[in-house]
file data_37.txt (compact mmCIF, C-alpha atoms)
# COMPACT_ATOMS: atom_id res chain seq x y z
CA MET M 3 17.03 -97.78 74.87
CA GLY M 4 14.86 -94.65 74.97
CA ALA M 5 11.14 -94.58 75.53
CA VAL M 6 8.89 -95.22 72.56
CA ALA M 7 7.49 -91.94 71.22
CA THR M 8 3.76 -91.40 71.54
CA ALA M 9 1.56 -89.97 68.80
CA GLU M 10 1.71 -86.62 70.63
CA ASP M 11 5.52 -86.74 70.61
CA VAL M 12 5.51 -87.37 66.87
CA VAL M 13 3.31 -84.35 66.17
CA ALA M 14 5.20 -82.06 68.55
CA ALA M 15 8.60 -83.03 67.17
CA ASP M 16 7.56 -82.44 63.54
CA THR M 17 8.39 -86.03 62.66
CA LEU M 18 6.64 -89.06 61.23
CA ARG M 19 6.76 -92.78 61.84
CA ILE M 20 8.03 -94.41 58.64
CA THR M 21 7.87 -98.09 57.70
CA GLU M 22 10.07 -97.81 54.60
CA ILE M 23 11.41 -95.50 51.92
CA PHE M 24 12.31 -97.20 48.67
CA TYR M 25 12.87 -96.64 44.96
CA SER M 26 10.91 -98.80 42.54
CA LEU M 27 8.58 -98.72 39.56
CA GLN M 28 5.13 -97.36 40.20
CA GLY M 29 2.86 -100.40 40.26
CA GLU M 30 -0.47 -98.70 39.70
CA ALA M 31 -2.38 -95.48 38.91
CA ARG M 32 -1.70 -93.33 35.87
CA THR M 33 2.10 -93.22 36.32
CA VAL M 34 2.35 -97.01 36.34
CA GLY M 35 5.76 -98.25 35.23
CA LEU M 36 7.60 -95.00 36.01
CA PRO M 37 10.53 -94.91 38.47
CA THR M 38 9.20 -93.55 41.76
CA VAL M 39 10.31 -93.09 45.35
CA PHE M 40 7.78 -94.45 47.84
CA VAL M 41 7.48 -93.11 51.38
CA ARG M 42 5.41 -95.62 53.36
CA LEU M 43 4.02 -94.23 56.61
CA THR M 44 3.24 -96.54 59.52
CA GLY M 45 -0.24 -97.10 60.88
CA CYS M 46 -3.78 -97.54 59.55
CA PRO M 47 -7.19 -97.37 61.25
CA LEU M 48 -8.74 -99.71 58.65
CA ARG M 49 -8.48 -103.48 58.39
CA CYS M 50 -9.43 -104.35 54.82
CA LEU M 51 -9.82 -108.09 54.32
CA TYR M 52 -7.48 -108.10 51.29
CA CYS M 53 -4.82 -105.82 52.82
CA ASP M 54 -1.33 -106.46 51.41
CA THR M 55 0.60 -104.09 53.70
CA GLU M 56 -0.20 -105.39 57.18
CA TYR M 57 3.51 -105.05 58.01
CA ALA M 58 2.94 -101.27 57.98
CA PHE M 59 0.32 -101.35 60.76
CA HIS M 60 2.88 -101.17 63.57
CA GLY M 61 6.55 -100.48 64.22
CA GLY M 62 8.42 -98.25 61.85
CA GLU M 63 11.08 -95.64 62.60
CA ILE M 64 10.50 -92.07 63.70
CA MET M 65 12.14 -89.70 61.20
CA SER M 66 12.30 -85.93 60.84
CA LEU M 67 10.96 -84.29 57.70
CA GLU M 68 14.52 -83.34 56.81
CA HIS M 69 15.71 -86.94 57.13
CA ILE M 70 12.84 -88.18 54.97
CA THR M 71 13.40 -85.62 52.22
CA THR M 72 17.15 -86.28 52.23
CA GLN M 73 16.51 -89.98 51.63
CA VAL M 74 14.06 -89.16 48.86
CA ALA M 75 16.50 -86.75 47.17
CA ALA M 76 19.25 -89.36 47.12
CA HIS M 77 17.36 -91.19 44.36
CA ARG M 78 16.90 -88.01 42.25
CA PRO M 79 13.30 -88.97 41.37
CA ALA M 80 10.74 -87.14 39.28
CA TYR M 81 7.87 -88.90 41.10
CA VAL M 82 7.24 -89.47 44.80
CA THR M 83 4.33 -91.44 46.25
CA VAL M 84 3.32 -91.13 49.90
CA THR M 85 1.48 -94.25 50.98
CA GLY M 86 0.81 -96.51 53.97
CA GLY M 87 -0.96 -97.95 55.86
CA GLU M 88 -3.08 -94.85 55.80
CA PRO M 89 -0.71 -91.89 55.54
CA LEU M 90 -3.28 -89.28 56.58
CA ALA M 91 -3.62 -90.99 59.96
CA GLN M 92 -0.43 -89.09 60.86
CA PRO M 93 -1.08 -85.32 60.95
CA ASN M 94 2.44 -84.49 59.79
CA CYS M 95 1.71 -86.19 56.50
CA LEU M 96 0.29 -82.84 55.37
CA PRO M 97 3.51 -80.82 55.78
CA LEU M 98 5.47 -83.71 54.29
CA LEU M 99 3.34 -83.57 51.15
CA SER M 100 3.77 -79.81 50.82
CA THR M 101 7.52 -80.02 51.42
CA LEU M 102 7.92 -82.64 48.69
CA CYS M 103 5.92 -80.46 46.29
CA ASP M 104 8.09 -77.46 47.17
CA GLN M 105 11.14 -79.53 46.23
CA GLY M 106 9.85 -79.98 42.70
CA TYR M 107 8.61 -83.56 42.64
CA GLU M 108 5.32 -84.75 41.19
CA VAL M 109 3.77 -86.01 44.40
CA SER M 110 0.91 -88.50 44.73
CA LEU M 111 -0.93 -89.60 47.85
CA GLU M 112 -2.43 -93.08 48.16
CA THR M 113 -5.24 -92.78 50.69
CA SER M 114 -8.39 -94.61 51.69
CA GLY M 115 -11.79 -92.99 51.54
CA ALA M 116 -11.90 -92.86 55.33
CA MET M 117 -9.71 -89.83 56.13
CA SER M 118 -10.47 -86.26 55.11
CA VAL M 119 -8.43 -84.93 52.18
CA ALA M 120 -9.68 -81.36 52.69
CA GLU M 121 -6.28 -80.03 53.82
CA VAL M 122 -4.10 -81.90 51.30
CA ASP M 123 -1.93 -79.55 49.24
CA PRO M 124 -3.73 -78.95 45.91
CA ARG M 125 -0.51 -79.73 44.02
CA VAL M 126 -0.68 -83.34 45.23
CA VAL M 127 -2.31 -86.01 43.06
CA LYS M 128 -4.81 -87.69 45.35
CA VAL M 129 -5.43 -91.38 44.60
CA LEU M 130 -8.55 -92.04 46.66
CA ASP M 131 -9.36 -95.70 47.32
CA LEU M 132 -13.10 -96.01 47.94
CA LYS M 133 -13.66 -99.20 49.91
CA THR M 134 -16.03 -101.73 48.38
CA PRO M 135 -18.40 -103.99 50.35
CA ALA M 136 -16.11 -107.05 50.14
CA SER M 137 -13.25 -105.05 51.67
CA GLY M 138 -15.06 -105.24 55.00
CA GLU M 139 -14.61 -101.47 55.47
CA VAL M 140 -17.25 -99.93 53.20
CA ALA M 141 -18.87 -98.20 56.19
CA ARG M 142 -15.68 -96.18 56.72
CA ASN M 143 -15.93 -94.27 53.43
CA ASP M 144 -16.21 -90.51 53.89
CA TYR M 145 -18.06 -89.44 50.76
CA GLY M 146 -17.47 -85.80 51.65
CA ASN M 147 -14.00 -86.36 50.18
CA VAL M 148 -15.52 -86.43 46.69
CA HIS M 149 -16.08 -82.67 46.98
CA TYR M 150 -12.32 -82.14 47.23
CA LEU M 151 -11.39 -84.20 44.18
CA THR M 152 -10.19 -82.38 41.07
CA ALA M 153 -9.21 -83.21 37.51
CA ASN M 154 -5.69 -83.83 38.86
CA ASP M 155 -6.89 -86.72 41.04
CA GLN M 156 -7.84 -90.37 40.67
CA VAL M 157 -10.33 -92.73 42.30
CA LYS M 158 -9.60 -96.42 42.80
CA PHE M 159 -11.94 -99.33 43.46
CA VAL M 160 -10.49 -102.70 44.46
CA ILE M 161 -12.98 -105.21 43.07
CA CYS M 162 -13.31 -108.57 44.79
CA ASP M 163 -16.44 -109.99 43.14
CA ARG M 164 -19.46 -109.15 40.99
CA GLY M 165 -21.18 -107.44 43.91
CA ASP M 166 -18.23 -105.08 44.33
CA TYR M 167 -18.29 -104.36 40.60
CA GLU M 168 -21.97 -103.42 40.63
CA TRP M 169 -21.46 -101.26 43.73
CA ALA M 170 -18.53 -99.46 42.08
CA ARG M 171 -20.59 -98.90 38.92
CA PHE M 172 -23.27 -97.26 41.04
CA LYS M 173 -20.76 -94.99 42.79
CA LEU M 174 -19.20 -94.10 39.44
CA ASP M 175 -22.59 -92.76 38.30
CA GLU M 176 -23.78 -91.40 41.64
CA TYR M 177 -20.81 -89.05 41.97
CA ALA M 178 -20.12 -88.55 38.23
CA LEU M 179 -16.54 -89.58 38.93
CA GLY M 180 -15.62 -89.85 35.27
CA ASP M 181 -16.23 -86.10 34.90
CA ARG M 182 -14.60 -85.16 38.20
CA VAL M 183 -11.19 -86.88 38.14
CA SER M 184 -8.57 -87.76 35.54
CA ASP M 185 -8.85 -91.54 36.00
CA VAL M 186 -11.21 -94.02 37.60
CA LEU M 187 -9.30 -97.22 38.33
CA PHE M 188 -10.92 -100.65 38.63
CA SER M 189 -8.42 -103.05 40.15
CA PRO M 190 -9.13 -106.78 40.59
CA SER M 191 -8.26 -107.99 44.07
CA HIS M 192 -5.08 -109.99 43.50
CA GLU M 193 -5.70 -113.76 43.39
CA GLN M 194 -9.35 -113.15 44.33
CA LEU M 195 -10.86 -111.97 41.04
CA ALA M 196 -9.43 -112.91 37.64
CA PRO M 197 -8.32 -109.77 35.75
CA ARG M 198 -9.84 -111.13 32.53
CA GLU M 199 -13.23 -111.49 34.17
CA LEU M 200 -13.18 -107.87 35.34
CA ALA M 201 -12.02 -106.76 31.89
CA GLU M 202 -14.97 -108.53 30.27
CA TRP M 203 -17.45 -106.88 32.66
CA ILE M 204 -16.00 -103.44 31.88
CA LEU M 205 -16.20 -104.02 28.13
CA ALA M 206 -19.71 -105.48 28.26
CA ASP M 207 -20.98 -102.41 30.10
CA GLY M 208 -18.93 -99.90 28.12
CA LEU M 209 -17.50 -98.30 31.25
CA GLN M 210 -15.03 -95.46 30.77
CA VAL M 211 -12.65 -96.67 33.46
CA ARG M 212 -9.08 -97.90 33.50
CA LEU M 213 -8.44 -101.58 34.32
CA GLN M 214 -5.51 -101.57 36.71
CA LEU M 215 -3.23 -104.50 37.44
CA GLN M 216 -0.69 -104.09 40.23
CA LEU M 217 2.61 -104.30 38.34
CA HIS M 218 4.75 -104.79 41.44
CA LYS M 219 2.90 -107.99 42.32
CA TYR M 220 3.86 -109.52 39.00
CA LEU M 221 7.46 -108.27 39.02
CA TRP M 222 8.41 -108.80 42.68
CA ASP M 223 5.60 -110.92 44.13
CA ASP M 224 4.59 -107.97 46.31
CA ALA M 225 7.76 -108.16 48.43
CA PRO M 226 8.30 -105.19 50.80
CA GLY M 227 10.64 -102.58 49.35
CA HIS M 228 9.20 -102.87 45.85
call {"tool": "encode", "arguments": {"input": "data_37.txt", "output": "structure tokens"}}
result
Amino acid sequence: MGAVATAEDVVAADTLRITEIFYSLQGEARTVGLPTVFVRLTGCPLRCLYCDTEYAFHGGEIMSLEHITTQVAAHRPAYVTVTGGEPLAQPNCLPLLSTLCDQGYEVSLETSGAMSVAEVDPRVVKVLDLKTPASGEVARNDYGNVHYLTANDQVKFVICDRGDYEWARFKLDEYALGDRVSDVLFSPSHEQLAPRELAEWILADGLQVRLQLQLHKYLWDDAPGH
């Protein structure tokens, strides 16, 4: 068995460490319900208390960009989502995103608010997940990322409780997110906040946000590969 590649080896070899590549229905964001290929990169510097992809923190398989794009093409998708973990923790995520765009897919990136999106290809739909207080990682948000958001992008808040909701409302106004991006997504933390309760808060306050339920958790009980 060969030696395990270091992060430097991965960058030098123009490869990425991949946890899984799979074809499923998009479970969230504005393309929810549409057939999509997911490329899940390994590794994440955050440890959100509600994380549902801890299996992507470690391990994975080192793949070349060519190998990744060949696997994606086999499904003949219109939509490709690059996710994690935190995909931007691997520098070669950036050329992967551009390569996928070059190949004609509508590409989205699911990223936390902790890593800079300044160099992300402008053709990519950025879905920026700003971490709320109850996530345990609110201090990691890089609010400089808001400057790089466009009308092609989306901002997501995972809401765990009323305190998170009020915090997200404040950020919605502070950064005028409704005018900056195509969609602001309020997602109840699964099995932590009742979706109906969040819906009633949104309606009571007249917020112009999209309530988001994670479709894959209802269809496949959040099993890996879906």
call {"tool": "residues_around", "arguments": {"input": "data_37.txt", "residues": "M:Glu22", "least_positions_apart": "4", "cutoff": "9 Å", "atoms": "all atoms listed in the file", "output": "MDAnalysis selection string"}}
result
chainID M and resid 40:44 58 62:63 226:227
call {"tool": "residues_around", "arguments": {"input": "data_37.txt", "residues": "M:Thr85", "least_positions_apart": "2", "cutoff": "7 Å", "atoms": "only C-alpha atoms", "output": "list in words"}}
result
Val41, Arg42, Leu43, Thr83, Gly87, Glu88, Pro89, Leu111, Glu112 and Thr113 of chain M
call {"tool": "write_last_selection", "arguments": {"input": "data_37.txt", "atoms": "C-alpha atoms", "output": "PDB file, keeping the file's coordinate frame"}}
result
ATOM      1  CA  VAL M  41       7.480 -93.110  51.380  1.00  0.00           C
ATOM      2  CA  ARG M  42       5.410 -95.620  53.360  1.00  0.00           C
ATOM      3  CA  LEU M  43       4.020 -94.230  56.610  1.00  0.00           C
ATOM      4  CA  THR M  83       4.330 -91.440  46.250  1.00  0.00           C
ATOM      5  CA  GLY M  87      -0.960 -97.950  55.860  1.00  0.00           C
ATOM      6  CA  GLU M  88      -3.080 -94.850  55.800  1.00  0.00           C
ATOM      7  CA  PRO M  89      -0.710 -91.890  55.540  1.00  0.00           C
ATOM      8  CA  LEU M 111      -0.930 -89.600  47.850  1.00  0.00           C
ATOM      9  CA  GLU M 112      -2.430 -93.080  48.160  1.00  0.00           C
ATOM     10  CA  THR M 113      -5.240 -92.780  50.690  1.00  0.00           C
TER      11      THR M 113
END
call {"tool": "closest_residue", "arguments": {"input": "data_37.txt", "among": "M:Leu195, M:Cys103, M:Val129, M:Ala225", "to": "M:Tyr57", "atoms": "all atoms listed in the file"}}
result
M:Ala225
call {"tool": "closest_residue", "arguments": {"input": "data_37.txt", "among": "M:Leu98, M:Val183, M:Ala116, M:Val122", "to": "M:Leu151", "atoms": "only C-alpha atoms"}}
result
M:Val183
call {"tool": "closest_residue", "arguments": {"input": "data_37.txt", "among": "M:Pro97, M:Gly35, M:Pro47, M:Pro190", "to": "M:Asp163", "atoms": "only C-alpha atoms"}}
result
M:Pro190
call {"tool": "closest_residue", "arguments": {"input": "data_37.txt", "among": "M:Cys50, M:Gly165, M:Asp104, M:Ala178", "to": "M:Leu200", "atoms": "all atoms listed in the file"}}
result
M:Gly165
call {"tool": "closest_residue", "arguments": {"input": "data_37.txt", "among": "M:Arg19, M:Arg32, M:Lys133, M:Arg78", "to": "M:Leu48", "atoms": "only C-alpha atoms"}}
result
M:Lys133
call {"tool": "decode", "arguments": {"input": "data_37.txt", "residues": "stretch 203-221 of chain M", "atoms": "N, CA, C and O atoms", "output": "mmCIF file, in the first residue's frame"}}
result
data_model
loop_
_atom_site.group_PDB
_atom_site.id
_atom_site.type_symbol
_atom_site.label_atom_id
_atom_site.label_comp_id
_atom_site.auth_asym_id
_atom_site.auth_seq_id
_atom_site.Cartn_x
_atom_site.Cartn_y
_atom_site.Cartn_z
ATOM 1 N N TRP M 203 -43.276 31.895 12.204
ATOM 2 C CA TRP M 203 -42.457 33.075 12.507
ATOM 3 C C TRP M 203 -42.255 33.919 11.244
ATOM 4 O O TRP M 203 -42.369 35.144 11.283
ATOM 5 N N ILE M 204 -41.939 33.252 10.140
ATOM 6 C CA ILE M 204 -41.701 33.957 8.873
ATOM 7 C C ILE M 204 -42.951 34.722 8.440
ATOM 8 O O ILE M 204 -42.884 35.894 8.051
ATOM 9 N N LEU M 205 -44.109 34.065 8.535
ATOM 10 C CA LEU M 205 -45.356 34.709 8.128
ATOM 11 C C LEU M 205 -45.725 35.865 9.052
ATOM 12 O O LEU M 205 -46.168 36.925 8.599
ATOM 13 N N ALA M 206 -45.531 35.670 10.346
ATOM 14 C CA ALA M 206 -45.877 36.715 11.310
ATOM 15 C C ALA M 206 -45.057 37.981 11.081
ATOM 16 O O ALA M 206 -45.552 39.096 11.277
ATOM 17 N N ASP M 207 -43.810 37.807 10.659
ATOM 18 C CA ASP M 207 -42.933 38.955 10.463
ATOM 19 C C ASP M 207 -42.896 39.428 9.012
ATOM 20 O O ASP M 207 -42.211 40.410 8.702
ATOM 21 N N GLY M 208 -43.607 38.729 8.133
ATOM 22 C CA GLY M 208 -43.657 39.140 6.734
ATOM 23 C C GLY M 208 -42.310 39.111 6.039
ATOM 24 O O GLY M 208 -42.036 39.940 5.172
ATOM 25 N N LEU M 209 -41.467 38.152 6.405
ATOM 26 C CA LEU M 209 -40.132 38.092 5.802
ATOM 27 C C LEU M 209 -40.210 37.593 4.362
ATOM 28 O O LEU M 209 -40.947 36.646 4.058
ATOM 29 N N GLN M 210 -39.425 38.196 3.485
ATOM 30 C CA GLN M 210 -39.342 37.755 2.099
ATOM 31 C C GLN M 210 -38.180 36.778 1.956
ATOM 32 O O GLN M 210 -37.137 37.069 1.375
ATOM 33 N N VAL M 211 -38.388 35.603 2.555
ATOM 34 C CA VAL M 211 -37.390 34.536 2.505
ATOM 35 C C VAL M 211 -38.091 33.242 2.094
ATOM 36 O O VAL M 211 -39.322 33.146 2.153
ATOM 37 N N ARG M 212 -37.290 32.274 1.693
ATOM 38 C CA ARG M 212 -37.839 30.980 1.299
ATOM 39 C C ARG M 212 -37.641 29.974 2.437
ATOM 40 O O ARG M 212 -36.507 29.749 2.886
ATOM 41 N N LEU M 213 -38.748 29.379 2.927
ATOM 42 C CA LEU M 213 -38.635 28.285 3.884
ATOM 43 C C LEU M 213 -38.115 27.062 3.137
ATOM 44 O O LEU M 213 -38.674 26.655 2.113
ATOM 45 N N GLN M 214 -37.068 26.466 3.646
ATOM 46 C CA GLN M 214 -36.432 25.344 2.971
ATOM 47 C C GLN M 214 -36.454 24.106 3.852
ATOM 48 O O GLN M 214 -35.939 24.124 4.968
ATOM 49 N N LEU M 215 -37.049 23.054 3.357
ATOM 50 C CA LEU M 215 -36.979 21.749 4.006
ATOM 51 C C LEU M 215 -36.018 20.882 3.201
ATOM 52 O O LEU M 215 -35.980 20.963 1.972
ATOM 53 N N GLN M 216 -35.253 20.062 3.854
ATOM 54 C CA GLN M 216 -34.251 19.246 3.166
ATOM 55 C C GLN M 216 -34.920 17.972 2.641
ATOM 56 O O GLN M 216 -35.109 16.998 3.353
ATOM 57 N N LEU M 217 -35.240 17.996 1.350
ATOM 58 C CA LEU M 217 -36.017 16.933 0.716
ATOM 59 C C LEU M 217 -35.383 15.563 0.895
ATOM 60 O O LEU M 217 -36.078 14.565 1.141
ATOM 61 N N HIS M 218 -34.068 15.492 0.796
ATOM 62 C CA HIS M 218 -33.389 14.196 0.872
ATOM 63 C C HIS M 218 -33.549 13.532 2.240
ATOM 64 O O HIS M 218 -33.509 12.303 2.343
ATOM 65 N N LYS M 219 -33.777 14.334 3.275
ATOM 66 C CA LYS M 219 -33.954 13.741 4.603
ATOM 67 C C LYS M 219 -35.317 13.072 4.737
ATOM 68 O O LYS M 219 -35.479 12.131 5.513
ATOM 69 N N TYR M 220 -36.277 13.544 3.976
ATOM 70 C CA TYR M 220 -37.607 12.948 4.004
ATOM 71 C C TYR M 220 -37.712 11.760 3.050
ATOM 72 O O TYR M 220 -38.439 10.803 3.310
ATOM 73 N N LEU M 221 -36.970 11.804 1.946
ATOM 74 C CA LEU M 221 -37.028 10.711 0.969
ATOM 75 C C LEU M 221 -36.143 9.536 1.357
ATOM 76 O O LEU M 221 -36.532 8.375 1.200
#
